[in-house]
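Colleague: I am sharing input.txt, which consists of compact mmCIF, C-alpha atoms and all ligand atoms:
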```
# COMPACT_ATOMS: atom_id res chain seq x y z
CA MET A 1 61.91 139.68 10.43
CA THR A 2 65.30 140.77 11.78
CA THR A 3 65.66 144.03 13.64
CA THR A 4 68.87 146.00 13.71
CA LYS A 5 70.42 145.79 17.16
CA LYS A 6 71.55 148.99 18.82
CA VAL A 7 74.90 148.75 20.56
CA LEU A 8 76.55 151.36 22.75
CA ILE A 9 80.34 151.27 22.89
CA ALA A 10 81.36 153.50 25.78
CA TYR A 11 85.01 154.08 26.57
CA ALA A 12 87.26 155.84 29.06
CA THR A 13 90.59 157.10 27.82
CA ALA A 14 93.38 159.32 29.12
CA HIS A 15 95.40 159.72 25.92
CA GLY A 16 93.02 158.68 23.17
CA SER A 17 94.20 155.23 22.17
CA THR A 18 91.37 153.35 23.94
CA GLY A 19 88.88 155.53 22.08
CA GLU A 20 90.48 154.42 18.81
CA VAL A 21 90.09 150.80 19.90
CA ALA A 22 86.41 151.48 20.65
CA GLU A 23 85.92 153.05 17.19
CA PHE A 24 87.62 150.07 15.57
CA ILE A 25 85.38 147.58 17.41
CA GLY A 26 82.39 149.65 16.31
CA LYS A 27 83.44 149.36 12.66
CA VAL A 28 83.69 145.57 12.97
CA LEU A 29 80.11 145.45 14.27
CA GLN A 30 78.91 147.81 11.56
CA GLU A 31 80.18 145.41 8.89
CA HIS A 32 77.17 143.29 9.92
CA ASP A 33 74.55 145.96 10.10
CA PHE A 34 74.53 146.76 13.80
CA ASP A 35 73.43 150.26 14.77
CA VAL A 36 76.51 151.34 16.73
CA THR A 37 77.11 154.41 18.87
CA VAL A 38 80.69 154.93 20.03
CA ARG A 39 81.00 157.50 22.80
CA SER A 40 83.30 158.57 25.59
CA VAL A 41 81.69 157.64 28.93
CA ASP A 42 81.68 161.36 29.81
CA GLY A 43 79.36 162.04 26.91
CA VAL A 44 76.76 159.35 27.67
CA THR A 45 73.55 160.79 29.05
CA SER A 46 71.34 157.72 28.75
CA VAL A 47 71.76 153.98 28.16
CA SER A 48 68.10 153.05 27.91
CA ASP A 49 67.94 153.01 24.13
CA TYR A 50 70.41 150.15 23.51
CA ASP A 51 70.16 146.38 23.18
CA ALA A 52 73.78 145.68 24.19
CA TYR A 53 76.85 147.40 25.60
CA ILE A 54 80.58 147.20 25.07
CA LEU A 55 82.48 149.09 27.73
CA GLY A 56 86.20 149.75 27.60
CA SER A 57 88.83 151.58 29.62
CA ALA A 58 92.51 152.23 29.77
CA ILE A 59 94.12 150.99 32.98
CA HIS A 60 95.89 153.42 35.28
CA ALA A 61 97.50 152.32 38.55
CA GLY A 62 95.88 148.90 38.35
CA MET A 63 92.28 149.95 37.76
CA TRP A 64 90.00 151.31 35.08
CA LEU A 65 89.80 155.09 34.85
CA THR A 66 87.63 157.13 37.21
CA PRO A 67 85.17 158.27 34.48
CA MET A 68 84.36 154.58 33.91
CA SER A 69 83.56 154.21 37.63
CA VAL A 70 81.33 157.30 37.47
CA PHE A 71 79.58 155.94 34.37
CA LEU A 72 79.01 152.55 35.99
CA GLU A 73 77.71 154.07 39.19
CA LYS A 74 75.18 156.05 37.17
CA PHE A 75 74.08 153.42 34.68
CA GLU A 76 74.94 149.88 35.78
CA ASP A 77 71.45 149.10 37.11
CA GLN A 78 69.96 149.95 33.70
CA MET A 79 72.33 147.65 31.83
CA VAL A 80 71.69 144.58 34.00
CA GLY A 81 69.87 141.90 32.01
CA LYS A 82 71.19 143.02 28.62
CA PRO A 83 74.39 141.70 27.00
CA VAL A 84 77.45 143.52 28.33
CA TYR A 85 81.07 143.09 27.24
CA PHE A 86 84.11 144.77 28.71
CA PHE A 87 87.59 145.46 27.40
CA MET A 88 90.67 147.07 28.80
CA THR A 89 93.90 148.38 27.32
CA CYS A 90 97.04 148.11 29.39
CA ILE A 91 100.74 147.25 29.17
CA ARG A 92 100.81 144.54 31.84
CA VAL A 93 99.30 142.14 29.31
CA LEU A 94 102.64 142.22 27.47
CA GLU A 95 104.31 140.34 30.33
CA PRO A 96 104.19 136.53 30.37
CA ASP A 97 101.41 136.25 32.97
CA GLY A 98 99.87 139.54 31.90
CA ARG A 99 96.46 138.44 30.73
CA GLN A 100 95.69 136.43 33.86
CA HIS A 101 97.09 139.22 36.03
CA ALA A 102 94.97 141.87 34.34
CA LEU A 103 91.82 139.75 34.57
CA ALA A 104 92.45 138.98 38.23
CA ASN A 105 93.46 142.48 39.34
CA TYR A 106 92.35 145.20 36.94
CA VAL A 107 88.58 144.80 37.06
CA HIS A 108 86.12 145.10 39.90
CA HIS A 109 84.75 141.59 39.98
CA GLU A 110 81.56 142.40 41.84
CA THR A 111 80.60 144.89 39.13
CA MET A 112 81.45 142.44 36.36
CA GLU A 113 79.26 139.81 38.03
CA LYS A 114 76.39 142.19 38.65
CA LEU A 115 76.42 143.19 34.99
CA GLY A 116 76.77 139.57 33.89
CA VAL A 117 79.68 140.60 31.66
CA ARG A 118 79.92 137.97 28.97
CA ASP A 119 83.57 138.40 28.10
CA ILE A 120 86.49 140.64 28.99
CA GLY A 121 88.96 141.58 26.26
CA VAL A 122 92.47 142.35 27.49
CA PHE A 123 94.39 144.30 24.87
CA ALA A 124 97.87 145.70 24.77
CA GLY A 125 97.59 149.48 24.69
CA LYS A 126 99.67 152.45 23.72
CA LEU A 127 102.21 154.07 25.98
CA THR A 128 104.40 156.78 24.56
CA TRP A 129 106.44 158.45 27.26
CA ASP A 130 106.78 161.79 25.50
CA GLU A 131 102.96 162.08 25.56
CA ILE A 132 102.57 161.64 29.30
CA ASP A 133 103.33 164.33 31.84
CA LEU A 134 105.58 164.22 34.87
CA SER A 135 102.88 163.28 37.37
CA GLU A 136 101.72 160.42 35.17
CA ARG A 137 105.29 159.18 34.86
CA TRP A 138 105.52 159.23 38.63
CA MET A 139 102.26 157.38 39.06
CA LEU A 140 103.25 154.77 36.53
CA SER A 141 106.69 154.24 38.04
CA LEU A 142 105.35 154.00 41.59
CA ARG A 143 102.17 152.03 41.04
CA TYR A 144 102.87 149.73 38.11
CA ASP A 145 102.48 146.17 39.38
CA GLY A 146 104.41 144.28 36.72
CA MET A 147 107.72 142.48 36.96
CA GLU A 148 109.32 144.67 34.34
CA VAL A 149 110.08 148.39 34.67
CA PRO A 150 107.27 150.19 32.80
CA GLY A 151 109.86 152.41 31.10
CA VAL A 152 110.81 149.52 28.80
CA ARG A 153 107.38 149.91 27.20
CA ASN A 154 107.32 152.93 24.94
CA ASP A 155 105.29 152.25 21.84
CA ASP A 156 101.91 151.55 20.31
CA PHE A 157 101.37 147.90 21.21
CA ARG A 158 97.82 147.59 19.96
CA ASP A 159 97.35 144.35 18.09
CA TRP A 160 94.56 145.15 15.66
CA SER A 161 94.11 141.58 14.49
CA ALA A 162 93.60 140.39 18.10
CA ILE A 163 91.14 143.23 18.69
CA ARG A 164 89.35 142.39 15.46
CA ALA A 165 89.12 138.70 16.43
CA TRP A 166 87.57 139.64 19.78
CA ALA A 167 85.10 142.01 18.11
CA ILE A 168 84.09 139.35 15.59
CA ASN A 169 83.38 136.97 18.44
CA VAL A 170 81.26 139.57 20.24
CA ARG A 171 79.43 140.30 17.00
CA ALA A 172 78.70 136.61 16.44
CA GLU A 173 77.36 136.21 19.98
CA LEU A 174 75.16 139.28 19.64
CA GLU A 175 73.80 138.00 16.34
CA LYS A 176 72.68 134.84 18.12
CA THR A 177 71.09 136.78 20.99
CA PRO A 178 67.36 137.34 20.59
CA ALA A 179 66.45 141.05 20.57
C1 LIG B 201 99.70 157.20 34.40
C2 LIG B 201 99.59 155.86 33.75
C3 LIG B 201 99.38 154.74 34.56
C4 LIG B 201 99.28 153.46 33.97
N1 LIG B 201 99.10 152.38 34.79
C5 LIG B 201 99.06 151.14 34.23
C6 LIG B 201 98.92 149.99 35.04
O1 LIG B 201 98.79 150.05 36.26
N2 LIG B 201 98.94 148.77 34.43
C7 LIG B 201 99.05 148.65 33.08
O2 LIG B 201 99.08 147.53 32.59
N3 LIG B 201 99.15 149.72 32.27
C8 LIG B 201 99.17 150.96 32.82
N4 LIG B 201 99.28 152.06 32.01
C9 LIG B 201 99.30 151.89 30.56
C10 LIG B 201 97.95 152.27 29.93
O3 LIG B 201 96.92 151.48 30.42
C11 LIG B 201 98.02 152.11 28.42
O4 LIG B 201 99.06 152.91 27.97
C12 LIG B 201 96.70 152.44 27.73
O5 LIG B 201 96.69 151.88 26.45
C13 LIG B 201 96.48 153.93 27.61
O6 LIG B 201 95.24 154.18 26.97
P1 LIG B 201 94.75 155.63 26.55
O7 LIG B 201 95.65 156.09 25.43
O8 LIG B 201 93.35 155.41 26.09
O9 LIG B 201 94.82 156.51 27.74
C14 LIG B 201 99.38 153.33 32.56
C15 LIG B 201 99.58 154.46 31.76
C16 LIG B 201 99.68 155.71 32.34
C17 LIG B 201 99.90 156.91 31.46
```
Since I need it in another form, could you write the structure as structure tokens?

Modeller:
Amino acid sequence: MTTTKKVLIAYATAHGSTGEVAEFIGKVLQEHDFDVTVRSVDGVTSVSDYDAYILGSAIHAGMWLTPMSVFLEKFEDQMVGKPVYFFMTCIRVLEPDGRQHALANYVHHETMEKLGVRDIGVFAGKLTWDEIDLSERWMLSLRYDGMEVPGVRNDDFRDWSAIRAWAINVRAELEKTPA
């Protein structure tokens, strides 16, 4: 007998686009009969009811967003031992060394190791300058650690087929994982 696996997809977003990525990943899992809950990290009150977790955050100033840190501080101990995946959305990945840079610098490695994170998806995000306020523009200009000026990036760079491919891979791994 197969049991439907329950997956929590919890995301941290500043301007909404990472939430849309989370919803999209959820739909890919649902194509194969997973019981998926997609929720902003702020709205998660318990993680005990799930068989697996997919956590995702936008990157600001070289790190995931503070609500993701708060979420992890609260819940990481309860997720240890179950399958955990992580994804980030950023613009640095658009530069030639971007993926390696993001993996090396944009996640807290100790946390990833503690959680036994199985895979980290690095996705190009969305950055539209007329949607970000003056203080965010400042932060981005001062703290962006790429070789290019961040102002050259002003678009929705999300590559849905790359995100879909990653989600299919996660789905296949979870299907092979005993409940
Ligand atoms: C204030 C600010 C700081 C950012 N800092 C970085 C950064 O350090 N590195 C990076 O690659 N992208 C950075 N970005 C780009 C975001 O990670 C990207 O636009 C992301 O997709 C936004 O997701 P959201 O719409 O869910 O907030 C920054 C964006 C903003 C607005």

Colleague: Residues within 9 Å of ligand LIG 201 (chain B), counting all atoms listed in the file: report them as a PyMOL selection string.

Modeller: chain A and resi 11-21+57-65+88-94+98+102+106+123-129+131-133+135-141+143-146+150+153-158

Colleague: Let me see the file: selected residues, C-alpha atoms, as a compact mmCIF listing (two decimals), in the frame of the given file.

Modeller:
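out_30.txt, written as the output of this step:
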```
# COMPACT_ATOMS: atom_id res chain seq x y z
CA TYR A 11 85.01 154.08 26.57
CA ALA A 12 87.26 155.84 29.06
CA THR A 13 90.59 157.10 27.82
CA ALA A 14 93.38 159.32 29.12
CA HIS A 15 95.40 159.72 25.92
CA GLY A 16 93.02 158.68 23.17
CA SER A 17 94.20 155.23 22.17
CA THR A 18 91.37 153.35 23.94
CA GLY A 19 88.88 155.53 22.08
CA GLU A 20 90.48 154.42 18.81
CA VAL A 21 90.09 150.80 19.90
CA SER A 57 88.83 151.58 29.62
CA ALA A 58 92.51 152.23 29.77
CA ILE A 59 94.12 150.99 32.98
CA HIS A 60 95.89 153.42 35.28
CA ALA A 61 97.50 152.32 38.55
CA GLY A 62 95.88 148.90 38.35
CA MET A 63 92.28 149.95 37.76
CA TRP A 64 90.00 151.31 35.08
CA LEU A 65 89.80 155.09 34.85
CA MET A 88 90.67 147.07 28.80
CA THR A 89 93.90 148.38 27.32
CA CYS A 90 97.04 148.11 29.39
CA ILE A 91 100.74 147.25 29.17
CA ARG A 92 100.81 144.54 31.84
CA VAL A 93 99.30 142.14 29.31
CA LEU A 94 102.64 142.22 27.47
CA GLY A 98 99.87 139.54 31.90
CA ALA A 102 94.97 141.87 34.34
CA TYR A 106 92.35 145.20 36.94
CA PHE A 123 94.39 144.30 24.87
CA ALA A 124 97.87 145.70 24.77
CA GLY A 125 97.59 149.48 24.69
CA LYS A 126 99.67 152.45 23.72
CA LEU A 127 102.21 154.07 25.98
CA THR A 128 104.40 156.78 24.56
CA TRP A 129 106.44 158.45 27.26
CA GLU A 131 102.96 162.08 25.56
CA ILE A 132 102.57 161.64 29.30
CA ASP A 133 103.33 164.33 31.84
CA SER A 135 102.88 163.28 37.37
CA GLU A 136 101.72 160.42 35.17
CA ARG A 137 105.29 159.18 34.86
CA TRP A 138 105.52 159.23 38.63
CA MET A 139 102.26 157.38 39.06
CA LEU A 140 103.25 154.77 36.53
CA SER A 141 106.69 154.24 38.04
CA ARG A 143 102.17 152.03 41.04
CA TYR A 144 102.87 149.73 38.11
CA ASP A 145 102.48 146.17 39.38
CA GLY A 146 104.41 144.28 36.72
CA PRO A 150 107.27 150.19 32.80
CA ARG A 153 107.38 149.91 27.20
CA ASN A 154 107.32 152.93 24.94
CA ASP A 155 105.29 152.25 21.84
CA ASP A 156 101.91 151.55 20.31
CA PHE A 157 101.37 147.90 21.21
CA ARG A 158 97.82 147.59 19.96
```

Colleague: Given the choices A:Ala104, A:Ala10, A:Ala179, A:Met147, which gets closest to Gly81 (chain A) if the distance is worked out from all atoms listed in the file?

Modeller: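 Of all the options, A:Ala179 lies closest to Gly81 (chain A).
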
Colleague: Please report, as JSON, the centre and edge lengths in Å to one decimal of an axis-aligned box covering all listed atoms of region 54-68 of chain A with 5 Å per side.

Modeller:
```
{"center_x": 89.0, "center_y": 152.7, "center_z": 31.8, "size_x": 26.9, "size_y": 21.1, "size_z": 23.5}
```

Colleague: Find the nearest atom pair between each residue of region 48-120 of chain A and region 166-177 of chain A for residues within 9 Å, count all atoms listed in the file, give distances in Å to one decimal, sort rows by chain and ascending number, and present the table as a tab-separated table.

Modeller:
```
residue	atom	partner	partner_atom	distance
A:Ala52	CA	A:Leu174	CA	8.0
A:Pro83	CA	A:Leu174	CA	7.8
A:Tyr85	CA	A:Val170	CA	7.8
A:Arg118	CA	A:Val170	CA	9.0
A:Asp119	CA	A:Val170	CA	8.3
```

Colleague: Kindly export the residues of the current selection with C-alpha atoms, as a compact mmCIF listing (two decimals), in the coordinates of the input.

Modeller:
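Output saved as again11.txt:
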```txt
# COMPACT_ATOMS: atom_id res chain seq x y z
CA ALA A 52 73.78 145.68 24.19
CA PRO A 83 74.39 141.70 27.00
CA TYR A 85 81.07 143.09 27.24
CA ARG A 118 79.92 137.97 28.97
CA ASP A 119 83.57 138.40 28.10
```

Colleague: To one decimal place, how far is CA of Arg164 (chain A) from CA of Glu31 (chain A) in Å?

Modeller: 11.7 Å

Colleague: Could you tell me how far CA of Trp160 (chain A) sits from CA of Tyr53 (chain A), in Å to one decimal place?

Modeller: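 Taking CA of Tyr53 (chain A) and CA of Trp160 (chain A), their separation equals 20.4 Å.
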
Colleague: Would you mind telling me which residue in A:Ala165, A:Val117, A:Ile9, A:Ser48 lies nearest to Gln78 (chain A) when using all atoms listed in the file?

Modeller: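 Closest candidate: A:Ser48.
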
Colleague: If we count only C-alpha atoms and set the cut-off at 6 Å, which residues sit around Phe34 (chain A), ignoring sequence neighbours fewer than 2 positions away in its own chain? Please answer as a list in words.

Modeller: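 Everything that qualifies: Thr4, Lys5, Leu29, Gln30, His32 and Val36 of chain A.
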
Colleague: Work out how far CA of Lys6 (chain A) is from CA of Leu72 (chain A), in Å to one decimal.

Modeller: 19.1 Å

Colleague: Looking at A:Val28, A:Leu134, A:Val84, A:Val41, which one is nearest to Ile54 (chain A), with distances taken over only C-alpha atoms?

Modeller: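 Smallest distance to Ile54 (chain A) is found for A:Val84.
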
Colleague: List every protein, DNA or RNA residue with an atom no more than 12 Å from (78.9, 150.2, 41.1) in the file's coordinates, counting only C-alpha atoms, and format the result as a ChimeraX atom specification.

Modeller: /A:66,68-80,107-115

Colleague: Quick one: of A:Asp159, A:Glu148, A:Asp35, A:Asp97, who's nearest to Thr3 (chain A), counting all atoms listed in the file?

Modeller: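 Closest to Thr3 (chain A), using all atoms listed in the file: A:Asp35.
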
Colleague: Rank nothing, just name the residue among A:Ala162, A:Ile120, A:Val7, A:Val44 nearest to Gly26 (chain A), using all atoms listed in the file.

Modeller: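 Among the listed residues, the smallest separation from Gly26 (chain A) belongs to A:Val7.
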
Colleague: Considering all atoms listed in the file, can you say which of A:Ile25, A:Val149, A:Ile163, A:Leu8 comes closest to Glu95 (chain A)?

Modeller: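 Of A:Ile25, A:Val149, A:Ile163, A:Leu8, the one nearest Glu95 (chain A), counting all atoms listed in the file, is A:Val149.
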
Colleague: Generate the coordinates of N, CA and C atoms for region 141-153 of chain A; report them as a PDB file, keeping the file's coordinate frame.

Modeller:
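Produced file result04.pdb, reproduced below:
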```
ATOM      1  N   SER A 141     105.492 154.842  37.456  1.00  0.00           N
ATOM      2  CA  SER A 141     106.690 154.240  38.040  1.00  0.00           C
ATOM      3  C   SER A 141     106.401 153.694  39.438  1.00  0.00           C
ATOM      4  N   LEU A 142     105.593 154.425  40.202  1.00  0.00           N
ATOM      5  CA  LEU A 142     105.350 154.000  41.590  1.00  0.00           C
ATOM      6  C   LEU A 142     104.326 152.876  41.693  1.00  0.00           C
ATOM      7  N   ARG A 143     103.310 152.912  40.830  1.00  0.00           N
ATOM      8  CA  ARG A 143     102.170 152.030  41.040  1.00  0.00           C
ATOM      9  C   ARG A 143     102.091 150.855  40.074  1.00  0.00           C
ATOM     10  N   TYR A 144     102.953 150.830  39.077  1.00  0.00           N
ATOM     11  CA  TYR A 144     102.870 149.730  38.110  1.00  0.00           C
ATOM     12  C   TYR A 144     103.183 148.412  38.824  1.00  0.00           C
ATOM     13  N   ASP A 145     102.344 147.410  38.616  1.00  0.00           N
ATOM     14  CA  ASP A 145     102.480 146.170  39.380  1.00  0.00           C
ATOM     15  C   ASP A 145     103.021 145.011  38.543  1.00  0.00           C
ATOM     16  N   GLY A 146     103.810 145.345  37.531  1.00  0.00           N
ATOM     17  CA  GLY A 146     104.410 144.280  36.720  1.00  0.00           C
ATOM     18  C   GLY A 146     105.780 143.883  37.238  1.00  0.00           C
ATOM     19  N   MET A 147     106.383 142.919  36.573  1.00  0.00           N
ATOM     20  CA  MET A 147     107.720 142.480  36.960  1.00  0.00           C
ATOM     21  C   MET A 147     108.788 143.285  36.235  1.00  0.00           C
ATOM     22  N   GLU A 148     108.376 143.861  35.096  1.00  0.00           N
ATOM     23  CA  GLU A 148     109.320 144.670  34.340  1.00  0.00           C
ATOM     24  C   GLU A 148     109.177 146.146  34.733  1.00  0.00           C
ATOM     25  N   VAL A 149     110.184 146.937  34.442  1.00  0.00           N
ATOM     26  CA  VAL A 149     110.080 148.390  34.670  1.00  0.00           C
ATOM     27  C   VAL A 149     109.199 148.934  33.543  1.00  0.00           C
ATOM     28  N   PRO A 150     108.169 149.740  33.873  1.00  0.00           N
ATOM     29  CA  PRO A 150     107.270 150.190  32.800  1.00  0.00           C
ATOM     30  C   PRO A 150     107.988 150.992  31.715  1.00  0.00           C
ATOM     31  N   GLY A 151     109.123 151.602  32.075  1.00  0.00           N
ATOM     32  CA  GLY A 151     109.860 152.410  31.100  1.00  0.00           C
ATOM     33  C   GLY A 151     110.342 151.625  29.878  1.00  0.00           C
ATOM     34  N   VAL A 152     110.381 150.298  29.982  1.00  0.00           N
ATOM     35  CA  VAL A 152     110.810 149.520  28.800  1.00  0.00           C
ATOM     36  C   VAL A 152     109.700 149.491  27.748  1.00  0.00           C
ATOM     37  N   ARG A 153     108.512 149.884  28.142  1.00  0.00           N
ATOM     38  CA  ARG A 153     107.380 149.910  27.200  1.00  0.00           C
ATOM     39  C   ARG A 153     107.177 151.338  26.704  1.00  0.00           C
TER      40      ARG A 153
END
```
